[in-house]
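Chemist: Contents of work_19.txt (compact mmCIF, C-alpha atoms) are below:
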```
# COMPACT_ATOMS: atom_id res chain seq x y z
CA ASN A 1 -29.24 10.56 -6.28
CA ALA A 2 -28.48 14.07 -5.20
CA SER A 3 -24.84 14.92 -5.71
CA THR A 4 -22.63 17.90 -5.10
CA ASN A 5 -19.10 18.85 -6.02
CA ALA A 6 -18.64 20.69 -2.77
CA SER A 7 -14.87 20.80 -2.98
CA THR A 8 -12.43 21.03 -5.85
CA ASN A 9 -10.47 18.17 -4.27
CA THR A 10 -13.18 15.62 -3.58
CA SER A 11 -16.41 14.40 -5.10
CA THR A 12 -19.42 13.56 -3.00
CA ASN A 13 -22.61 11.60 -3.34
CA VAL A 14 -25.41 12.46 -0.93
CA SER A 15 -27.77 9.55 -0.39
CA THR A 16 -30.95 9.60 1.65
CA ASN A 17 -33.29 6.80 2.53
CA ALA A 18 -35.36 7.54 -0.57
CA SER A 19 -32.55 7.89 -3.06
CA THR A 20 -30.98 4.56 -2.12
CA ASN A 21 -34.28 2.82 -2.95
CA THR A 22 -34.93 1.70 0.60
CA SER A 23 -38.39 1.64 2.05
CA THR A 24 -39.39 1.63 5.70
CA ASN A 25 -42.70 2.06 7.42
CA THR A 26 -41.32 4.19 10.25
CA THR A 27 -42.32 7.69 11.25
CA THR A 28 -39.62 10.33 10.89
CA THR A 29 -39.12 13.75 12.40
CA ASN A 30 -38.06 16.83 10.47
CA THR A 31 -34.48 16.33 11.65
CA THR A 32 -31.96 15.19 9.03
CA ARG A 33 -28.86 13.61 10.50
CA THR A 34 -25.71 12.94 8.55
CA ILE A 35 -23.21 10.11 8.10
CA ILE A 36 -19.89 10.60 6.32
CA VAL A 37 -18.55 7.48 4.56
CA LEU A 38 -14.89 7.20 3.48
CA HIS A 39 -13.57 4.33 1.35
CA GLY A 40 -10.18 2.64 1.39
CA LEU A 41 -7.14 2.93 -0.87
CA LEU A 42 -7.78 2.18 -4.57
CA GLY A 43 -11.51 2.17 -3.88
CA SER A 44 -14.29 4.69 -4.37
CA ARG A 45 -17.49 5.85 -2.72
CA SER A 46 -19.46 3.32 -4.78
CA ASN A 47 -17.85 0.52 -2.73
CA PHE A 48 -20.06 1.52 0.20
CA LYS A 49 -23.46 1.78 -1.47
CA THR A 50 -24.79 -1.43 0.07
CA PRO A 51 -23.41 -0.87 3.60
CA ALA A 52 -24.60 2.77 3.59
CA LYS A 53 -28.08 1.71 2.50
CA LYS A 54 -28.33 -0.87 5.28
CA ILE A 55 -26.98 1.52 7.92
CA LEU A 56 -29.43 4.26 6.87
CA GLU A 57 -32.36 1.85 7.03
CA THR A 58 -31.40 0.65 10.50
CA LEU A 59 -30.69 4.10 11.94
CA GLN A 60 -33.93 5.50 10.61
CA THR A 61 -35.87 2.65 12.16
CA LYS A 62 -34.15 3.09 15.52
CA THR A 63 -34.18 6.87 15.82
CA LYS A 64 -37.27 7.91 13.79
CA ASP A 65 -35.09 10.64 12.27
CA GLN A 66 -34.24 11.10 8.61
CA TRP A 67 -30.61 10.19 7.88
CA GLN A 68 -28.44 10.94 4.87
CA ALA A 69 -25.08 9.46 3.92
CA ILE A 70 -22.46 11.64 2.28
CA MET A 71 -20.14 9.23 0.50
CA ILE A 72 -16.93 10.94 -0.51
CA ASP A 73 -14.28 10.02 -3.07
CA ILE A 74 -10.96 10.74 -1.35
CA ARG A 75 -8.49 12.81 -3.38
CA GLY A 76 -6.99 10.84 -6.24
CA HIS A 77 -9.89 8.36 -6.25
CA GLY A 78 -13.14 7.96 -8.16
CA ASP A 79 -14.70 11.15 -9.43
CA SER A 80 -12.30 13.23 -7.35
CA THR A 81 -9.76 12.62 -10.12
CA LEU A 82 -12.08 14.49 -12.47
CA GLN A 83 -12.88 17.67 -10.58
CA PRO A 84 -12.82 21.11 -12.22
CA THR A 85 -10.67 23.83 -10.69
CA THR A 86 -12.17 26.64 -8.64
CA GLU A 87 -11.54 29.00 -11.58
CA GLN A 88 -13.49 26.71 -13.89
CA LEU A 89 -16.36 26.47 -11.43
CA ASN A 90 -16.56 30.27 -11.29
CA ASP A 91 -16.07 30.86 -15.02
CA ASP A 92 -19.47 31.34 -16.65
CA THR A 93 -17.83 31.59 -20.07
CA ASN A 94 -16.24 28.15 -19.94
CA ASN A 95 -18.60 25.99 -21.96
CA ASP A 96 -16.22 23.29 -23.14
CA ASN A 97 -16.43 21.21 -19.94
CA THR A 98 -12.65 21.14 -19.62
CA ILE A 99 -11.54 18.95 -16.76
CA VAL A 100 -8.34 19.46 -14.77
CA LYS A 101 -7.35 16.38 -12.81
CA ASN A 102 -6.68 16.24 -9.11
CA PRO A 103 -5.67 18.64 -6.33
CA PRO A 104 -2.09 19.85 -5.84
CA PRO A 105 0.36 18.02 -3.55
CA PRO A 106 1.20 17.16 -0.87
CA HIS A 107 -1.03 14.09 -0.91
CA SER A 108 -1.22 12.95 2.69
CA ILE A 109 -3.59 11.81 5.42
CA LYS A 110 -3.65 15.40 6.68
CA THR A 111 -4.53 16.99 3.34
CA ALA A 112 -7.06 14.26 2.54
CA GLY A 113 -8.72 14.77 5.92
CA ASP A 114 -8.77 18.52 5.40
CA ASP A 115 -10.37 17.95 1.97
CA VAL A 116 -13.11 15.99 3.70
CA TYR A 117 -13.58 18.70 6.33
CA ASP A 118 -13.97 21.40 3.68
CA THR A 119 -16.28 19.23 1.60
CA VAL A 120 -18.55 18.39 4.54
CA MET A 121 -18.58 22.03 5.62
CA ARG A 122 -20.00 23.00 2.23
CA ALA A 123 -22.25 19.99 1.73
CA THR A 124 -23.95 20.45 5.13
CA ALA A 125 -23.94 24.26 5.18
CA GLY A 126 -21.60 24.18 8.16
CA SER A 127 -23.60 21.83 10.38
CA GLY A 128 -21.30 18.82 10.04
CA ALA A 129 -22.06 15.16 10.67
CA GLU A 130 -23.12 13.02 13.62
CA VAL A 131 -21.36 9.88 12.36
CA VAL A 132 -18.16 9.28 10.39
CA ILE A 133 -17.26 5.85 8.99
CA GLY A 134 -13.88 5.17 7.40
CA HIS A 135 -12.41 1.92 6.13
CA SER A 136 -8.66 1.29 5.88
CA LEU A 137 -7.13 4.47 4.39
CA GLY A 138 -10.49 6.14 5.02
CA GLY A 139 -10.17 5.26 8.71
CA LYS A 140 -7.08 7.40 9.16
CA VAL A 141 -8.61 10.14 7.04
CA ALA A 142 -11.62 10.01 9.39
CA LEU A 143 -9.32 10.45 12.38
CA ARG A 144 -7.76 13.53 10.76
CA TYR A 145 -11.27 14.90 10.14
CA LEU A 146 -12.09 14.34 13.81
CA GLU A 147 -8.81 15.88 14.94
CA ARG A 148 -9.51 19.01 12.94
CA THR A 149 -13.09 19.40 14.17
CA ILE A 150 -11.88 19.06 17.77
CA ASN A 151 -9.00 21.50 17.28
CA ILE A 152 -11.25 24.14 15.76
CA SER A 153 -14.07 23.70 18.29
CA GLN A 154 -11.66 23.91 21.23
CA GLY A 155 -9.86 26.84 19.68
CA ASP A 156 -12.45 29.50 19.04
CA GLY A 157 -15.60 27.43 19.31
CA GLY A 158 -16.26 27.82 15.61
CA GLY A 159 -16.35 25.30 12.80
CA MET A 160 -18.59 22.28 12.50
CA ARG A 161 -19.93 20.08 15.26
CA VAL A 162 -17.66 17.36 16.60
CA PRO A 163 -19.14 14.03 15.45
CA GLU A 164 -20.88 11.88 18.04
CA ASN A 165 -19.33 8.64 16.78
CA VAL A 166 -16.40 7.84 14.50
CA PHE A 167 -16.03 4.24 13.29
CA VAL A 168 -12.56 3.23 12.13
CA LEU A 169 -12.97 -0.03 10.20
CA ASP A 170 -9.83 -2.16 10.27
CA SER A 171 -7.45 0.77 9.92
CA ILE A 172 -4.36 0.43 12.09
CA PRO A 173 -3.92 3.87 13.71
CA GLY A 174 -0.17 3.54 14.19
CA ALA A 175 2.78 3.81 11.82
CA VAL A 176 2.83 0.54 9.90
CA ASP A 177 5.00 -1.57 7.66
CA ARG A 178 3.38 -0.66 4.37
CA GLY A 179 4.09 -4.08 2.92
CA LYS A 180 1.96 -5.69 5.64
CA ALA A 181 -0.78 -3.10 6.12
CA THR A 182 -3.68 -5.53 5.62
CA GLY A 183 -1.97 -8.61 7.05
CA GLU A 184 -3.14 -10.72 4.11
CA LYS A 185 -1.71 -12.39 1.02
CA ASP A 186 -2.50 -9.45 -1.21
CA SER A 187 -0.68 -6.63 0.56
CA VAL A 188 -1.76 -3.15 -0.45
CA MET A 189 1.76 -2.42 -1.64
CA GLY A 190 1.71 -5.54 -3.80
CA VAL A 191 -1.60 -4.56 -5.37
CA ILE A 192 -0.36 -1.01 -6.03
CA GLU A 193 2.77 -2.29 -7.71
CA ALA A 194 0.72 -4.74 -9.77
CA VAL A 195 -1.73 -2.15 -11.11
CA SER A 196 1.12 0.32 -11.67
CA SER A 197 2.65 -2.05 -14.20
CA ILE A 198 -0.52 -2.53 -16.24
CA GLU A 199 -0.85 -0.50 -19.42
CA THR A 200 -4.05 1.43 -20.01
CA PRO A 201 -6.52 1.45 -21.58
CA ILE A 202 -7.30 -2.07 -20.42
CA PRO A 203 -9.14 -4.01 -23.16
CA SER A 204 -11.73 -5.56 -20.84
CA LYS A 205 -12.49 -6.40 -17.23
CA LYS A 206 -11.80 -10.02 -18.05
CA ASP A 207 -8.33 -9.08 -19.29
CA LEU A 208 -7.63 -7.21 -16.05
CA VAL A 209 -8.56 -10.22 -13.93
CA ARG A 210 -6.46 -12.56 -16.06
CA THR A 211 -3.42 -10.28 -15.92
CA LEU A 212 -3.63 -9.70 -12.17
CA VAL A 213 -4.13 -13.37 -11.32
CA GLU A 214 -1.90 -15.12 -13.86
CA GLU A 215 0.88 -12.58 -14.31
CA LYS A 216 0.92 -10.56 -11.08
CA GLY A 217 0.02 -13.23 -8.51
CA ILE A 218 -3.00 -11.37 -7.13
CA SER A 219 -5.85 -13.43 -5.71
CA GLN A 220 -9.02 -13.94 -7.74
CA GLY A 221 -11.15 -12.09 -5.18
CA VAL A 222 -9.00 -8.95 -5.15
CA ALA A 223 -8.68 -9.07 -8.94
CA MET A 224 -12.47 -9.20 -9.28
CA TRP A 225 -12.80 -6.29 -6.85
CA MET A 226 -10.39 -4.24 -8.96
CA THR A 227 -12.82 -4.46 -11.89
CA THR A 228 -15.22 -2.28 -9.87
CA ASN A 229 -12.60 0.47 -9.98
CA LEU A 230 -12.60 0.93 -13.76
CA ARG A 231 -14.23 3.53 -15.98
CA LYS A 232 -14.54 3.78 -19.74
CA SER A 233 -11.35 5.23 -21.17
CA ASN A 234 -11.72 8.94 -21.91
CA GLY A 235 -12.12 9.68 -25.61
CA SER A 236 -12.15 6.02 -26.57
CA ASP A 237 -14.92 3.62 -27.47
CA LYS A 238 -12.84 0.70 -26.27
CA GLY A 239 -11.02 -0.08 -23.09
CA PHE A 240 -10.96 1.04 -19.47
CA ASP A 241 -8.87 3.21 -17.17
CA PHE A 242 -8.55 2.91 -13.41
CA THR A 243 -10.73 5.27 -11.39
CA PHE A 244 -7.76 6.19 -9.18
CA ASP A 245 -4.58 8.14 -9.81
CA ILE A 246 -1.70 5.75 -9.07
CA PRO A 247 0.96 8.35 -8.08
CA ILE A 248 -1.47 9.99 -5.65
CA ALA A 249 -2.47 6.59 -4.27
CA LYS A 250 1.20 5.79 -3.64
CA ASP A 251 1.71 9.10 -1.82
CA LEU A 252 -1.36 8.54 0.32
CA PHE A 253 -0.24 5.01 1.18
CA SER A 254 3.20 6.28 2.19
CA SER A 255 1.54 8.85 4.41
CA PHE A 256 -0.74 6.16 5.84
CA GLY A 257 2.31 4.16 6.88
CA GLU A 258 4.04 7.14 8.46
CA THR A 259 1.06 8.62 10.32
CA ASP A 260 0.54 7.59 13.94
CA TYR A 261 -2.81 8.33 15.58
CA PHE A 262 -2.32 6.16 18.66
CA PRO A 263 -1.22 9.21 20.73
CA PHE A 264 -4.37 11.04 19.60
CA LEU A 265 -6.57 8.07 20.56
CA LYS A 266 -4.76 7.75 23.89
CA SER A 267 -5.55 11.38 24.65
CA LEU A 268 -9.24 10.74 23.87
CA SER A 269 -9.25 7.68 26.15
CA SER A 270 -7.70 9.63 29.03
CA SER A 271 -9.89 10.72 31.92
CA ALA A 272 -8.25 14.12 31.54
CA TYR A 273 -9.91 14.66 28.14
CA VAL A 274 -12.81 17.06 28.55
CA PRO A 275 -14.30 18.24 25.24
CA ARG A 276 -15.30 21.87 25.11
CA VAL A 277 -18.33 21.24 22.92
CA PRO A 278 -20.72 18.44 23.98
CA PRO A 279 -21.58 15.76 23.21
CA PRO A 280 -18.17 14.11 23.44
CA CYS A 281 -17.15 12.00 20.47
CA THR A 282 -16.58 8.27 20.81
CA VAL A 283 -14.07 6.64 18.48
CA HIS A 284 -14.90 3.02 17.72
CA LEU A 285 -11.82 1.07 16.66
CA VAL A 286 -13.10 -1.98 14.73
CA LEU A 287 -10.46 -4.72 14.43
CA ALA A 288 -10.69 -7.55 11.89
CA THR A 289 -9.40 -10.60 13.77
CA LYS A 290 -8.08 -12.17 10.55
CA ASN A 291 -5.86 -9.18 9.86
CA THR A 292 -2.52 -10.28 11.32
CA GLY A 293 -1.19 -6.74 11.00
CA TRP A 294 -2.72 -5.96 14.40
CA LYS A 295 -0.31 -8.34 16.17
CA SER A 296 2.40 -5.67 16.17
CA PHE A 297 0.10 -3.31 18.07
CA GLU A 298 -1.34 -5.57 20.78
CA SER A 299 -0.03 -3.44 23.64
CA GLU A 300 -1.43 -0.20 22.15
CA VAL A 301 -4.82 -1.82 21.53
CA ASN A 302 -4.91 -3.38 25.00
CA ASP A 303 -4.11 0.00 26.51
CA LEU A 304 -7.05 1.56 24.68
CA GLN A 305 -9.35 -1.37 25.38
CA GLY A 306 -8.91 -1.61 29.13
CA GLU A 307 -11.08 -4.18 30.86
CA GLY A 308 -14.49 -3.17 29.56
CA GLY A 309 -13.94 -2.94 25.82
CA GLY A 310 -12.83 0.65 25.89
CA LYS A 311 -11.62 3.59 27.97
CA GLY A 312 -12.83 7.15 27.97
CA ASN A 313 -13.93 8.17 24.51
CA VAL A 314 -12.48 5.13 22.71
CA LYS A 315 -14.11 1.73 22.31
CA VAL A 316 -12.52 -1.35 20.76
CA HIS A 317 -14.61 -3.86 18.81
CA LYS A 318 -13.35 -7.15 17.37
CA ILE A 319 -15.07 -8.73 14.41
CA ASP A 320 -14.41 -12.17 12.92
CA ALA A 321 -13.53 -11.03 9.42
CA GLY A 322 -10.73 -10.17 7.06
CA HIS A 323 -9.66 -6.64 6.14
CA TRP A 324 -12.81 -5.99 4.07
CA VAL A 325 -15.02 -6.21 7.16
CA HIS A 326 -18.06 -4.67 5.48
CA VAL A 327 -17.97 -7.46 2.90
CA ASP A 328 -17.15 -10.37 5.23
CA ASP A 329 -19.62 -9.41 7.96
CA LEU A 330 -21.94 -6.61 6.91
CA GLU A 331 -24.47 -7.40 9.63
CA GLY A 332 -21.74 -7.20 12.27
CA VAL A 333 -20.59 -3.81 10.99
CA VAL A 334 -24.17 -2.49 10.86
CA LYS A 335 -24.72 -3.60 14.45
CA ILE A 336 -21.57 -1.87 15.70
CA VAL A 337 -22.41 1.37 13.88
CA THR A 338 -26.06 1.51 14.94
CA ASP A 339 -25.86 0.16 18.52
CA PRO A 340 -25.05 3.61 19.99
CA TYR A 341 -28.48 4.75 18.74
CA THR A 342 -30.50 1.90 20.24
```
Take the structure in this file and express it as structure tokens.
Modeler:
Amino acid sequence: NASTNASTNTSTNVSTNASTNTSTNTTTTNTTRTIIVLHGLLGSRSNFKTPAKKILETLQTKTKDQWQAIMIDIRGHGDSTLQPTTEQLNDDTNNDNTIVKNPPPPHSIKTAGDDVYDTVMRATAGSGAEVVIGHSLGGKVALRYLERTINISQGDGGGMRVPENVFVLDSIPGAVDRGKATGEKDSVMGVIEAVSSIETPIPSKKDLVRTLVEEKGISQGVAMWMTTNLRKSNGSDKGFDFTFDIPIAKDLFSSFGETDYFPFLKSLSSSAYVPRVPPPCTVHLVLATKNTGWKSFESEVNDLQGEGGGKGNVKVHKIDAGHWVHVDDLEGVVKIVTDPYT
């Protein structure tokens, strides 16, 4: 894999068709097109390896172009908790590999989205991305990324290209009750509180599952998923730490609950919206029908959906799945993401 630490706040992994071990017999042009992939709260870029691989395969087959996926660890998650400072990156005399954890506050949807913008700017040499995919927390971060690209392009015409398509995977755009954000038994808030109370280093993955299920009341499936968000404890031969920073995750989740992007989406769906830089971006709002959290936003969704599945630059898709749509129905997600390129 090719990788780049293009920002001091986020860590990226750039995957192409070749580096994800996929093989197709299609002819490609010299054009390389880019997808940005953003994970959800308490996750990491590694959560999307399989979906990204499948999406790249399908897009390459359909378009005959070469595609790459830039999978980013949002601030406070994955390798973005282990980024060196700008001073360290520029210090040729620093040979001790000292690591300073995490970017400064505030930790919000806005700052996380701006991290992504800056990271993509550097990783693509200013060209930007055609497609952005964000799940849950990553969905709102994707909307902030889009908002910033539009604002800059309509301001002085500079900055990166506005993406052609942004896919928001089961991320409620409005201000939400943070205790019910996923509409399922294991609310995000409940999982955060559970992991916050667990002492680290954790002896083993098996111990984590047992503690979460038997002592914290977390479902077996979510507990098993949490084991994918562990790394070997620093400076220790035994035990694991979480790959996310819990205080930052809490701040981001608070911001997620307070941030309302329905007005932004409504402006994109309006016939009055005329983007300065073509092609216009389409936002695809992908709803998991088993996520009961959407019930509080039926009127907003219906307003965006109209009679034909979408209005203006917003399209609404419904998928028979729970909150982790890319796990429950990967083929359905791949179809939604790649259909615009048929």
Chemist: For Thr292 in chain A, which residue among A:Ala321, A:Ile192, A:Leu42, A:Val334 is the nearest when counting all atoms listed in the file?
Modeler: A:Ala321
Chemist: Find, counting all atoms listed in the file, the residue in A:Leu41, A:Ile72, A:Arg210, A:Leu143 that gets nearest to Asp118 in chain A.
Modeler: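 Using all atoms listed in the file, Asp118 in chain A sits closest to A:Ile72.
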Chemist: Skipping near chain neighbours, those fewer than 4 positions away, what residues fall within 8 Å of Tyr261 in chain A using only C-alpha atoms, listed as a PDB file with C-alpha atoms, in the frame of the given file?
Modeler:
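Listed below is the output, selection-v5.pdb:
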```
ATOM      1  CA  LYS A 140      -7.080   7.400   9.160  1.00  0.00           C
ATOM      2  CA  LEU A 143      -9.320  10.450  12.380  1.00  0.00           C
ATOM      3  CA  PRO A 173      -3.920   3.870  13.710  1.00  0.00           C
ATOM      4  CA  GLY A 174      -0.170   3.540  14.190  1.00  0.00           C
ATOM      5  CA  LEU A 265      -6.570   8.070  20.560  1.00  0.00           C
TER       6      LEU A 265
END
```
Chemist: Would you mind listing what lies within 10 Å of Lys318 in chain A as number ranges by chain, with only C-alpha atoms counted and same-chain residues fewer than 6 positions away left out?
Modeler: A: 170, 285-290, 309, 332, 336
Chemist: Give me the residues near Asp207 in chain A as a PDB file with C-alpha atoms, in the coordinates of the input, where near means some atom within 12 Å (using all atoms listed in the file) and where sequence neighbours in that chain fewer than 5 positions away do not count.
Modeler:
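The resulting file, result.pdb, is shown below:
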```pdb
ATOM      1  CA  ILE A 198      -0.520  -2.530 -16.240  1.00  0.00           C
ATOM      2  CA  GLU A 199      -0.850  -0.500 -19.420  1.00  0.00           C
ATOM      3  CA  THR A 200      -4.050   1.430 -20.010  1.00  0.00           C
ATOM      4  CA  PRO A 201      -6.520   1.450 -21.580  1.00  0.00           C
ATOM      5  CA  ILE A 202      -7.300  -2.070 -20.420  1.00  0.00           C
ATOM      6  CA  LEU A 212      -3.630  -9.700 -12.170  1.00  0.00           C
ATOM      7  CA  VAL A 213      -4.130 -13.370 -11.320  1.00  0.00           C
ATOM      8  CA  GLU A 214      -1.900 -15.120 -13.860  1.00  0.00           C
ATOM      9  CA  GLU A 215       0.880 -12.580 -14.310  1.00  0.00           C
ATOM     10  CA  ALA A 223      -8.680  -9.070  -8.940  1.00  0.00           C
ATOM     11  CA  MET A 224     -12.470  -9.200  -9.280  1.00  0.00           C
ATOM     12  CA  MET A 226     -10.390  -4.240  -8.960  1.00  0.00           C
ATOM     13  CA  THR A 227     -12.820  -4.460 -11.890  1.00  0.00           C
ATOM     14  CA  GLY A 239     -11.020  -0.080 -23.090  1.00  0.00           C
ATOM     15  CA  PHE A 240     -10.960   1.040 -19.470  1.00  0.00           C
TER      16      PHE A 240
END
```
Chemist: Identify, on the basis of all atoms listed in the file, every residue whose closest approach to His284 in chain A does not exceed 7 Å; exclude the query and any residue fewer than 2 positions from it along the same chain; express the result as a list of chain:residue names.
Modeler: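 So, after excluding close chain neighbours, the residues are A:Val166, A:Phe167, A:Val168, A:Thr282, A:Val286, A:Val314, A:Lys315, A:Val316, A:His317.
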Chemist: Between CA of Glu57 in chain A and CA of Ser44 in chain A, what is the distance, to one decimal in Å?
Modeler: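 These two atoms are separated by 21.6 Å.
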Chemist: Distance CA of Gly257 in chain A-CA of Val188 in chain A, one decimal place?
Modeler: 11.1 Å
Chemist: Please identify all polymer residues within 6 Å of Gly78 in chain A, counting only C-alpha atoms, omitting same-chain residues fewer than 4 positions from it, and present them as a list of chain:residue names.
Modeler: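 Near Gly78 in chain A, the qualifying residues are A:Ser44, A:Asp73, A:Thr243, A:Phe244.
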Chemist: Those residues with C-alpha atoms, as a PDB file, in the coordinates of the input please?
Modeler:
```
ATOM      1  CA  SER A  44     -14.290   4.690  -4.370  1.00  0.00           C
ATOM      2  CA  ASP A  73     -14.280  10.020  -3.070  1.00  0.00           C
ATOM      3  CA  THR A 243     -10.730   5.270 -11.390  1.00  0.00           C
ATOM      4  CA  PHE A 244      -7.760   6.190  -9.180  1.00  0.00           C
TER       5      PHE A 244
END
```
Chemist: CA of Arg33 in chain A and CA of Arg122 in chain A are how many Å apart?
Modeler: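 Atom-to-atom, CA of Arg33 in chain A and CA of Arg122 in chain A are spaced 15.3 Å apart.
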Chemist: Just checking: using only C-alpha atoms, which residue out of A:Lys206, A:Lys62, A:His39, A:Lys49 ends up closest to Ala112 in chain A?
Modeler: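 Among the listed residues, the smallest separation from Ala112 in chain A belongs to A:His39.
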Chemist: Between A:Ser187, A:Thr34, A:Asn151, A:Thr63, which is the closest to Thr124 in chain A once you count only C-alpha atoms?
Modeler: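 Result for the nearest residue to Thr124 in chain A: A:Thr34.
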Chemist: Let me make sure I understand: among A:Ser255, A:Ser171, A:Ser204, A:Thr338, which one has the smallest atom-to-atom distance to His323 in chain A if we use all atoms listed in the file?
Modeler: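 Nearest to His323 in chain A: A:Ser171.
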